[in-house]
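Text of the file query.pdb, holding PDB, C-alpha atoms and all ligand atoms:
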ATOM      1  CA  MET A   1       0.000   0.000   0.000
ATOM      2  CA  ILE A   2       2.729   2.421   1.027
ATOM      3  CA  ARG A   3       4.633   1.407  -2.067
ATOM      4  CA  GLY A   4       1.531   2.092  -4.136
ATOM      5  CA  ILE A   5       1.180   5.577  -2.670
ATOM      6  CA  ALA A   6       4.853   6.286  -3.292
ATOM      7  CA  PHE A   7       4.422   5.165  -6.902
ATOM      8  CA  VAL A   8       1.444   7.491  -7.355
ATOM      9  CA  LEU A   9       3.439  10.350  -5.795
ATOM     10  CA  VAL A  10       6.326   9.746  -8.177
ATOM     11  CA  LEU A  11       3.896   9.760 -11.108
ATOM     12  CA  LEU A  12       2.351  12.994  -9.849
ATOM     13  CA  TRP A  13       5.733  14.597  -9.347
ATOM     14  CA  SER A  14       7.012  13.667 -12.795
ATOM     15  CA  GLY A  15       3.698  14.785 -14.278
ATOM     16  CA  LEU A  16       4.071  18.174 -12.572
ATOM     17  CA  ALA A  17       7.683  18.454 -13.683
ATOM     18  CA  GLN A  18       6.654  18.017 -17.316
ATOM     19  CA  ALA A  19       3.632  20.233 -16.981
ATOM     20  CA  PHE A  20       5.267  23.482 -15.909
ATOM     21  CA  ASP A  21       3.702  25.970 -18.261
ATOM     22  CA  TYR A  22       5.447  29.300 -18.680
ATOM     23  CA  GLY A  23       2.416  30.713 -20.476
ATOM     24  CA  LEU A  24       4.763  32.488 -22.885
ATOM     25  CA  LYS A  25       3.236  35.193 -25.037
ATOM     26  CA  ALA A  26       4.839  36.902 -28.010
ATOM     27  CA  VAL A  27       4.308  40.654 -28.237
ATOM     28  CA  GLU A  28       4.792  42.010 -31.756
ATOM     29  CA  VAL A  29       6.767  45.206 -31.196
ATOM     30  CA  ALA A  30       7.573  45.915 -34.861
ATOM     31  CA  PRO A  31       6.966  44.148 -38.182
ATOM     32  CA  GLU A  32       8.161  40.504 -37.875
ATOM     33  CA  THR A  33       9.691  41.336 -34.487
ATOM     34  CA  TYR A  34       8.512  39.747 -31.251
ATOM     35  CA  VAL A  35       9.395  40.018 -27.576
ATOM     36  CA  VAL A  36       8.537  37.506 -24.854
ATOM     37  CA  ILE A  37       8.421  39.486 -21.630
ATOM     38  CA  GLY A  38       9.497  37.979 -18.319
ATOM     39  CA  ALA A  39       8.528  38.836 -14.752
ATOM     40  CA  MET A  40      10.425  41.618 -12.954
ATOM     41  CA  GLU A  41      11.282  39.292 -10.080
ATOM     42  CA  HIS A  42      14.004  37.039  -8.749
ATOM     43  CA  PHE A  43      14.130  33.333  -9.666
ATOM     44  CA  SER A  44      11.293  31.458  -7.953
ATOM     45  CA  ARG A  45       9.268  28.268  -8.197
ATOM     46  CA  GLN A  46       6.252  30.310  -9.249
ATOM     47  CA  ASN A  47       7.952  32.002 -12.203
ATOM     48  CA  GLY A  48      10.044  28.978 -13.194
ATOM     49  CA  GLY A  49      12.989  31.312 -13.706
ATOM     50  CA  ASN A  50      11.133  33.371 -16.297
ATOM     51  CA  ILE A  51      12.490  36.738 -15.219
ATOM     52  CA  VAL A  52      14.008  37.644 -18.557
ATOM     53  CA  ASN A  53      13.008  39.024 -21.948
ATOM     54  CA  THR A  54      13.714  36.962 -25.030
ATOM     55  CA  GLY A  55      12.930  37.916 -28.603
ATOM     56  CA  PHE A  56      12.815  36.732 -32.171
ATOM     57  CA  ILE A  57      12.782  38.189 -35.664
ATOM     58  CA  VAL A  58      10.938  36.330 -38.409
ATOM     59  CA  THR A  59      13.028  37.098 -41.490
ATOM     60  CA  ALA A  60      12.565  35.831 -45.051
ATOM     61  CA  ALA A  61      15.569  33.562 -44.468
ATOM     62  CA  GLY A  62      14.253  32.082 -41.204
ATOM     63  CA  VAL A  63      13.908  33.060 -37.578
ATOM     64  CA  VAL A  64      16.635  34.717 -35.493
ATOM     65  CA  VAL A  65      16.220  34.120 -31.743
ATOM     66  CA  ILE A  66      17.730  36.520 -29.216
ATOM     67  CA  ASP A  67      18.344  34.706 -25.927
ATOM     68  CA  THR A  68      16.856  31.313 -25.146
ATOM     69  CA  GLY A  69      15.613  31.807 -21.578
ATOM     70  CA  PRO A  70      16.257  30.216 -18.195
ATOM     71  CA  SER A  71      15.572  26.499 -18.763
ATOM     72  CA  LEU A  72      15.199  23.694 -21.268
ATOM     73  CA  LEU A  73      11.410  23.812 -20.823
ATOM     74  CA  TYR A  74      11.360  27.546 -21.464
ATOM     75  CA  GLY A  75      13.440  27.014 -24.617
ATOM     76  CA  ARG A  76      11.041  24.327 -25.845
ATOM     77  CA  GLN A  77       8.004  26.472 -25.130
ATOM     78  CA  LEU A  78       9.672  29.421 -26.858
ATOM     79  CA  ARG A  79      10.286  27.236 -29.891
ATOM     80  CA  ALA A  80       6.639  26.103 -29.848
ATOM     81  CA  LEU A  81       5.510  29.721 -29.577
ATOM     82  CA  ILE A  82       7.601  30.605 -32.638
ATOM     83  CA  GLY A  83       6.176  27.570 -34.456
ATOM     84  CA  GLY A  84       2.670  28.917 -33.823
ATOM     85  CA  ILE A  85       3.566  32.184 -35.565
ATOM     86  CA  THR A  86       5.588  30.983 -38.526
ATOM     87  CA  ASP A  87       6.476  27.796 -40.384
ATOM     88  CA  ALA A  88       9.947  29.211 -41.035
ATOM     89  CA  PRO A  89      12.781  27.370 -39.293
ATOM     90  CA  VAL A  90      14.955  28.948 -36.615
ATOM     91  CA  VAL A  91      18.223  29.646 -38.443
ATOM     92  CA  LEU A  92      20.191  31.370 -35.679
ATOM     93  CA  ALA A  93      20.009  31.775 -31.912
ATOM     94  CA  VAL A  94      22.260  34.227 -30.092
ATOM     95  CA  ASN A  95      23.037  34.582 -26.394
ATOM     96  CA  THR A  96      23.525  38.211 -25.376
ATOM     97  CA  HIS A  97      25.732  37.326 -22.398
ATOM     98  CA  ALA A  98      26.745  34.601 -19.986
ATOM     99  CA  HIS A  99      24.017  34.978 -17.366
ATOM    100  CA  PRO A 100      21.994  31.784 -16.956
ATOM    101  CA  ASP A 101      18.532  33.272 -17.472
ATOM    102  CA  HIS A 102      19.642  34.202 -21.000
ATOM    103  CA  TYR A 103      21.173  30.930 -22.217
ATOM    104  CA  LEU A 104      19.891  27.907 -20.270
ATOM    105  CA  GLY A 105      17.215  27.363 -22.951
ATOM    106  CA  ASN A 106      19.962  26.573 -25.493
ATOM    107  CA  GLY A 107      19.318  22.840 -25.110
ATOM    108  CA  ALA A 108      15.955  23.273 -26.862
ATOM    109  CA  PHE A 109      17.649  24.602 -30.018
ATOM    110  CA  ASP A 110      19.156  21.340 -31.173
ATOM    111  CA  GLY A 111      20.314  21.574 -34.767
ATOM    112  CA  VAL A 112      20.261  25.391 -34.742
ATOM    113  CA  PRO A 113      23.531  27.353 -34.819
ATOM    114  CA  ILE A 114      23.890  29.089 -31.443
ATOM    115  CA  ALA A 115      26.290  32.014 -31.470
ATOM    116  CA  ALA A 116      27.717  34.444 -28.940
ATOM    117  CA  LEU A 117      30.647  36.795 -28.536
ATOM    118  CA  ALA A 118      33.951  35.025 -27.870
ATOM    119  CA  GLY A 119      34.028  36.223 -24.239
ATOM    120  CA  THR A 120      30.488  34.973 -23.679
ATOM    121  CA  ARG A 121      31.267  31.549 -25.141
ATOM    122  CA  GLN A 122      34.251  31.246 -22.843
ATOM    123  CA  ALA A 123      32.332  32.391 -19.756
ATOM    124  CA  ILE A 124      29.501  29.912 -20.415
ATOM    125  CA  ALA A 125      31.947  27.076 -21.033
ATOM    126  CA  GLU A 126      33.676  27.895 -17.741
ATOM    127  CA  ALA A 127      30.509  28.459 -15.673
ATOM    128  CA  PRO A 128      30.793  26.364 -12.501
ATOM    129  CA  PRO A 129      28.268  23.490 -12.105
ATOM    130  CA  ALA A 130      27.311  25.059  -8.746
ATOM    131  CA  LEU A 131      25.642  27.879 -10.697
ATOM    132  CA  LEU A 132      23.154  25.441 -12.227
ATOM    133  CA  ASP A 133      22.640  23.716  -8.863
ATOM    134  CA  GLY A 134      21.819  27.070  -7.278
ATOM    135  CA  ILE A 135      19.143  27.808  -9.878
ATOM    136  CA  TYR A 136      17.687  24.305  -9.544
ATOM    137  CA  ARG A 137      17.277  25.002  -5.819
ATOM    138  CA  LEU A 138      15.501  28.315  -6.434
ATOM    139  CA  VAL A 139      13.337  27.290  -9.376
ATOM    140  CA  GLY A 140      12.734  23.575  -8.862
ATOM    141  CA  ASP A 141      10.762  21.438 -11.299
ATOM    142  CA  ALA A 142      10.721  23.920 -14.172
ATOM    143  CA  MET A 143      14.469  23.303 -14.522
ATOM    144  CA  ALA A 144      13.972  19.587 -15.263
ATOM    145  CA  GLY A 145      16.458  18.341 -17.844
ATOM    146  CA  THR A 146      18.248  21.693 -18.141
ATOM    147  CA  GLN A 147      21.945  21.508 -18.949
ATOM    148  CA  SER A 148      24.431  24.249 -19.674
ATOM    149  CA  VAL A 149      24.838  24.107 -23.472
ATOM    150  CA  PRO A 150      27.578  26.525 -24.560
ATOM    151  CA  PRO A 151      27.085  28.349 -27.880
ATOM    152  CA  GLY A 152      28.933  26.502 -30.643
ATOM    153  CA  GLU A 153      29.783  29.519 -32.768
ATOM    154  CA  THR A 154      31.588  32.792 -32.253
ATOM    155  CA  LEU A 155      29.561  35.771 -33.389
ATOM    156  CA  ALA A 156      31.533  38.332 -35.347
ATOM    157  CA  PRO A 157      30.445  41.876 -34.521
ATOM    158  CA  GLY A 158      29.230  44.015 -37.401
ATOM    159  CA  LEU A 159      26.384  44.336 -39.865
ATOM    160  CA  ARG A 160      24.812  41.233 -41.347
ATOM    161  CA  GLU A 161      21.872  41.000 -43.723
ATOM    162  CA  VAL A 162      19.514  38.185 -42.729
ATOM    163  CA  GLY A 163      16.424  37.649 -44.882
ATOM    164  CA  GLY A 164      15.733  41.337 -45.472
ATOM    165  CA  HIS A 165      16.742  42.523 -41.990
ATOM    166  CA  ARG A 166      19.961  44.490 -41.575
ATOM    167  CA  LEU A 167      21.159  43.242 -38.203
ATOM    168  CA  GLU A 168      24.017  44.972 -36.469
ATOM    169  CA  PHE A 169      25.736  42.902 -33.804
ATOM    170  CA  LEU A 170      27.545  45.116 -31.294
ATOM    171  CA  ALA A 171      30.279  43.742 -29.050
ATOM    172  CA  LEU A 172      30.070  45.750 -25.820
ATOM    173  CA  GLY A 173      30.595  45.111 -22.134
ATOM    174  CA  GLY A 174      30.184  46.414 -18.621
ATOM    175  CA  HIS A 175      27.208  44.364 -17.416
ATOM    176  CA  THR A 176      29.534  41.398 -17.905
ATOM    177  CA  GLY A 177      32.896  41.031 -19.644
ATOM    178  CA  ALA A 178      31.122  40.548 -22.991
ATOM    179  CA  ASP A 179      27.672  41.940 -23.767
ATOM    180  CA  LEU A 180      26.019  41.645 -27.149
ATOM    181  CA  ALA A 181      23.431  44.107 -28.390
ATOM    182  CA  VAL A 182      21.454  43.412 -31.565
ATOM    183  CA  PHE A 183      20.242  46.431 -33.507
ATOM    184  CA  ASP A 184      17.860  45.779 -36.373
ATOM    185  CA  ARG A 185      18.512  48.722 -38.674
ATOM    186  CA  SER A 186      15.492  47.706 -40.771
ATOM    187  CA  THR A 187      12.964  48.216 -37.964
ATOM    188  CA  GLY A 188      14.901  50.384 -35.495
ATOM    189  CA  VAL A 189      14.434  47.829 -32.723
ATOM    190  CA  LEU A 190      17.408  47.469 -30.384
ATOM    191  CA  PHE A 191      17.730  44.291 -28.331
ATOM    192  CA  ALA A 192      19.976  45.698 -25.625
ATOM    193  CA  GLY A 193      20.410  42.555 -23.533
ATOM    194  CA  ASP A 194      21.206  43.398 -19.919
ATOM    195  CA  LEU A 195      22.996  46.612 -20.830
ATOM    196  CA  ALA A 196      19.544  48.165 -20.375
ATOM    197  CA  PHE A 197      16.968  47.554 -17.661
ATOM    198  CA  LEU A 198      13.605  49.304 -17.287
ATOM    199  CA  ASP A 199      11.603  49.553 -14.051
ATOM    200  CA  ARG A 200      13.715  46.708 -12.644
ATOM    201  CA  THR A 201      16.919  47.163 -10.656
ATOM    202  CA  PRO A 202      20.039  46.319 -12.709
ATOM    203  CA  THR A 203      22.065  43.293 -11.610
ATOM    204  CA  THR A 204      25.802  43.597 -11.115
ATOM    205  CA  PRO A 205      27.515  40.252 -10.373
ATOM    206  CA  GLN A 206      30.166  40.853 -13.065
ATOM    207  CA  ALA A 207      29.651  44.559 -13.616
ATOM    208  CA  ASP A 208      32.240  47.189 -14.476
ATOM    209  CA  LEU A 209      30.277  50.385 -13.884
ATOM    210  CA  ASP A 210      32.419  52.765 -15.972
ATOM    211  CA  HIS A 211      32.532  50.356 -18.893
ATOM    212  CA  TRP A 212      28.776  49.792 -18.667
ATOM    213  CA  LEU A 213      28.040  53.546 -18.673
ATOM    214  CA  ALA A 214      30.202  53.922 -21.808
ATOM    215  CA  ALA A 215      28.295  51.074 -23.499
ATOM    216  CA  LEU A 216      25.002  52.829 -22.756
ATOM    217  CA  GLU A 217      26.263  55.914 -24.599
ATOM    218  CA  THR A 218      27.154  53.741 -27.617
ATOM    219  CA  LEU A 219      23.612  52.329 -27.623
ATOM    220  CA  ARG A 220      22.062  55.769 -27.221
ATOM    221  CA  ALA A 221      23.998  57.017 -30.266
ATOM    222  CA  LEU A 222      22.327  54.330 -32.422
ATOM    223  CA  LYS A 223      19.068  56.284 -32.020
ATOM    224  CA  PRO A 224      16.837  53.204 -31.952
ATOM    225  CA  ALA A 225      13.080  53.541 -32.356
ATOM    226  CA  LEU A 226      12.455  51.009 -29.585
ATOM    227  CA  VAL A 227      14.637  49.535 -26.863
ATOM    228  CA  VAL A 228      14.048  45.978 -25.688
ATOM    229  CA  PRO A 229      15.786  45.777 -22.294
ATOM    230  CA  GLY A 230      16.986  42.480 -20.856
ATOM    231  CA  HIS A 231      14.481  42.949 -18.047
ATOM    232  CA  GLY A 232      11.418  45.206 -18.065
ATOM    233  CA  PRO A 233       9.027  46.444 -20.732
ATOM    234  CA  PRO A 234      10.146  47.445 -24.244
ATOM    235  CA  ALA A 235       9.881  51.220 -24.674
ATOM    236  CA  PRO A 236      11.165  53.996 -26.916
ATOM    237  CA  PRO A 237      14.409  55.614 -25.751
ATOM    238  CA  PRO A 238      15.663  57.195 -23.642
ATOM    239  CA  ALA A 239      13.747  55.632 -20.703
ATOM    240  CA  ALA A 240      15.794  52.436 -20.271
ATOM    241  CA  PHE A 241      19.100  54.176 -21.058
ATOM    242  CA  ASP A 242      18.432  57.009 -18.616
ATOM    243  CA  GLN A 243      17.138  54.790 -15.835
ATOM    244  CA  THR A 244      19.998  52.299 -16.102
ATOM    245  CA  ALA A 245      22.655  55.028 -16.280
ATOM    246  CA  ASP A 246      21.088  56.954 -13.382
ATOM    247  CA  TYR A 247      21.126  53.823 -11.235
ATOM    248  CA  LEU A 248      24.733  52.943 -12.094
ATOM    249  CA  ARG A 249      25.930  56.492 -11.416
ATOM    250  CA  TRP A 250      24.019  56.585  -8.115
ATOM    251  CA  LEU A 251      25.504  53.212  -7.145
ATOM    252  CA  ARG A 252      29.019  54.392  -7.996
ATOM    253  CA  ARG A 253      28.594  57.573  -5.957
ATOM    254  CA  VAL A 254      27.022  55.871  -2.922
ATOM    255  CA  LEU A 255      29.703  53.167  -2.785
ATOM    256  CA  ALA A 256      32.538  55.674  -3.178
ATOM    257  CA  GLU A 257      31.112  57.935  -0.436
ATOM    258  CA  ALA A 258      30.562  54.976   1.881
ATOM    259  CA  ALA A 259      34.148  53.805   1.369
ATOM    260  CA  ALA A 260      35.405  57.333   2.078
ATOM    261  CA  GLN A 261      33.453  57.287   5.353
ATOM    262  CA  GLY A 262      34.822  53.860   6.245
ATOM    263  CA  LEU A 263      31.389  52.156   6.430
ATOM    264  CA  ASP A 264      31.291  48.382   6.495
ATOM    265  CA  ALA A 265      29.202  46.419   3.993
ATOM    266  CA  ALA A 266      26.296  45.888   6.412
ATOM    267  CA  GLU A 267      26.118  49.637   7.051
ATOM    268  CA  VAL A 268      26.091  50.349   3.318
ATOM    269  CA  MET A 269      23.247  47.870   2.779
ATOM    270  CA  ALA A 270      21.236  49.670   5.450
ATOM    271  CA  LEU A 271      21.496  53.064   3.708
ATOM    272  CA  PRO A 272      18.122  54.491   2.608
ATOM    273  CA  LEU A 273      17.303  54.168  -1.097
ATOM    274  CA  PRO A 274      16.269  57.364  -2.890
ATOM    275  CA  PRO A 275      12.669  57.249  -4.236
ATOM    276  CA  ALA A 276      13.747  56.741  -7.876
ATOM    277  CA  VAL A 277      15.722  53.645  -6.842
ATOM    278  CA  ALA A 278      13.145  52.367  -4.361
ATOM    279  CA  ALA A 279      10.545  52.488  -7.158
ATOM    280  CA  LEU A 280      12.452  49.866  -9.195
ATOM    281  CA  ALA A 281      11.384  46.229  -8.882
ATOM    282  CA  VAL A 282      13.420  44.160  -6.371
ATOM    283  CA  ALA A 283      15.460  47.237  -5.378
ATOM    284  CA  PRO A 284      16.410  46.448  -1.762
ATOM    285  CA  ALA A 285      17.604  42.893  -2.503
ATOM    286  CA  GLU A 286      19.430  43.883  -5.683
ATOM    287  CA  PHE A 287      21.149  46.825  -3.979
ATOM    288  CA  ALA A 288      22.329  44.490  -1.191
ATOM    289  CA  ARG A 289      23.717  42.097  -3.811
ATOM    290  CA  SER A 290      25.481  44.992  -5.544
ATOM    291  CA  VAL A 291      27.143  45.950  -2.265
ATOM    292  CA  ILE A 292      28.473  42.391  -2.005
ATOM    293  CA  HIS A 293      29.640  42.382  -5.635
ATOM    294  CA  LEU A 294      31.144  45.839  -5.892
ATOM    295  CA  TYR A 295      31.902  47.354  -2.500
ATOM    296  CA  PRO A 296      35.161  45.468  -1.779
ATOM    297  CA  ALA A 297      36.805  47.118  -4.811
ATOM    298  CA  PHE A 298      35.722  50.568  -3.593
ATOM    299  CA  GLU A 299      37.156  49.793  -0.134
ATOM    300  CA  ARG A 300      40.442  48.610  -1.661
ATOM    301  CA  ALA A 301      40.666  51.741  -3.824
ATOM    302  CA  MET A 302      40.145  53.887  -0.716
ATOM    303  CA  LEU A 303      42.836  52.017   1.222
ATOM    304  CA  SER A 304      45.391  52.237  -1.570
ATOM    305  CA  ALA A 305      44.690  55.974  -1.956
ATOM    306  CA  LYS A 306      45.585  56.577   1.695
TER     307      LYS A 306
HETATM  308 ZN    ZN A 401      22.529  39.540 -17.013
END
Could I get this file's structure written as C-alpha cells?
Ligand SMILES: [Zn+2]
Amino acid sequence: MIRGIAFVLVLLWSGLAQAFDYGLKAVEVAPETYVVIGAMEHFSRQNGGNIVNTGFIVTAAGVVVIDTGPSLLYGRQLRALIGGITDAPVVLAVNTHAHPDHYLGNGAFDGVPIAALAGTRQAIAEAPPALLDGIYRLVGDAMAGTQSVPPGETLAPGLREVGGHRLEFLALGGHTGADLAVFDRSTGVLFAGDLAFLDRTPTTPQADLDHWLAALETLRALKPALVVPGHGPPAPPPAAFDQTADYLRWLRRVLAEAAAQGLDAAEVMALPLPPAVAALAVAPAEFARSVIHLYPAFERAMLSAK
C-alpha cells in the first residue's frame, strides 16, 4: 500500500515536472519582431525562472532568436511559440551574455547554430556546475532536464543581412565582460540585452560600472526607435538608457562615499534608497547584492589611496 502511494506520488511529481507551463506570449513590437516578456522578479518556483526578456525576428531567411531563456522547458516552449507564428525554421540563436537566465534554454535549439561573442562563449563554457545547482534550488521542477549548453559559434560583430533585416551585432561590455546588443537597422528595434533595464533594478555580479556607462552611450547614439531591455518592458528611448545610467551612477557615488566614510558592507546595505531607486522592482535585494559584488573594490581603492 505504502509502495503504491509512493508510486502514485512519483507519477504525480514527474507529471508536474513536465507540466510546468510558462504561459509564454509573443508581443509584436515591430513588423516581424517579437518580444517575450518575463517577470520583474528574482528566480522562484512560481515564475520557473522566467524573469528575462527573449525575442525573435521572423526574417525571409528564417527566424533569429535573441536569448533562449532560463531552462530547457522555457526554450522548448519558446520554440513552440515561434512555431505557432511561422512555419519558417529557426536559423540562428544568439546569447547576449553569460548569465543563466539568457542561455539555459539553449538545449531546446538542437540543430540550430547558437552564437555568442567570444568572451560569452568562454564564460559559459567555464561556468561552474554550482551555478546550475543554485538555480535548480531556487526554481525547482521547471528546470527539469536543463543543462548548460555553450554556444557553438563565435559571433563576429558588425552588420549582417539576414532575410531582409539588416542586423548589427555590437560587441560591448560592462554588465559582464562581454555583452552583445542586436540592432535591427530595418525596424529600429534594439535588443539591448542586460545593458539596459527598465523599471527593474540592474544586476551587477560581473559589472564594471564605468565600462557599462560607456556602453550605454554607444547604444544611445544608435538612435533606436524602440529599446528591448533584458528585463522590463520594451519602450522607446531614452527611458531604459536614462534609468539604467542613473542607477549605475548613483551606485558608484554611494559606494565611493561609503568607502570614504569607512562604512562596512552591512552599514552600506542599510542606507536608505532614494525614491527613484526604491521604485524599481526588487530594489532592496538587488542593492544588497550589488554591495556584495562591488563594494570590496571601492574599499580597496580607498585604502590604496591613503
Ligand atoms: Zn545579465
Rank nothing, just name the residue among A:Ala125, A:Ala266, A:Leu248, A:Ala98 nearest to ligand ZN 401 (chain A), using only C-alpha atoms and all ligand atoms. A:Ala98
Counting all atoms listed in the file, the option among A:Thr201, A:Val162, A:Pro224, A:Val91 closest to Gly111 (chain A): A:Val91
Just checking: using only C-alpha atoms, which residue out of A:Thr120, A:Thr204, A:Thr86, A:Ser148 ends up closest to Pro70 (chain A)?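 Of the candidates, the smallest distance to Pro70 (chain A) is held by A:Ser148.
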Can you turn the PyMOL selection byres (((not hetatm)) within 8 of (chain A and resi 401)) into a concrete residue list for this file, as an NGL selection string? :A and (97-102 or 175-176 or 193-194 or 203-204 or 230)
Quote the spacing between CA of Gly49 (chain A) and CA of Val90 (chain A) in Å to one decimal place. 23.1 Å
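Picked out by the PyMOL selection byres (((chain A and resi 35-41) around 6) and not hetatm) when it runs on this file: Lys25, Ala26, Val27, Tyr34, His42, Asn50, Ile51, Val52, Asn53, Thr54 and Gly55 of chain A.
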Compare A:Ala225, A:Ala80, A:Ala245, A:Ala127 by their minimum atom-to-atom distance to Val277 (chain A), counting only C-alpha atoms, and give me the closest one.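 Looking only at the distances to Val277 (chain A), the closest residue turns out to be A:Ala245.
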Spell out the residues picked by the PyMOL selection byres (((chain A and resi 226) around 9) and not hetatm) here, as a PyMOL selection string. chain A and resi 29-30+187-191+223-225+227-228+234-237
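Between CA of Val58 (chain A) and CA of Leu222 (chain A) the interatomic distance comes to 22.1 Å.
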Would you list the contacts of region 255-257 of chain A as an MDAnalysis selection string, taking every protein, DNA or RNA residue within 12 Å and counting only C-alpha atoms, but skipping same-chain residues closer than 4 positions in sequence? chainID A and resid 209 248:251 261:265 267:269 271 287:288 290:303
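Here CA of His211 (chain A) stands at a distance of 23.7 Å from CA of Val282 (chain A).
With all atoms listed in the file as the basis for measurement, A:Leu172 is the residue among A:Val139, A:Val182, A:Ala123, A:Leu172 that approaches Ala214 (chain A) most closely.
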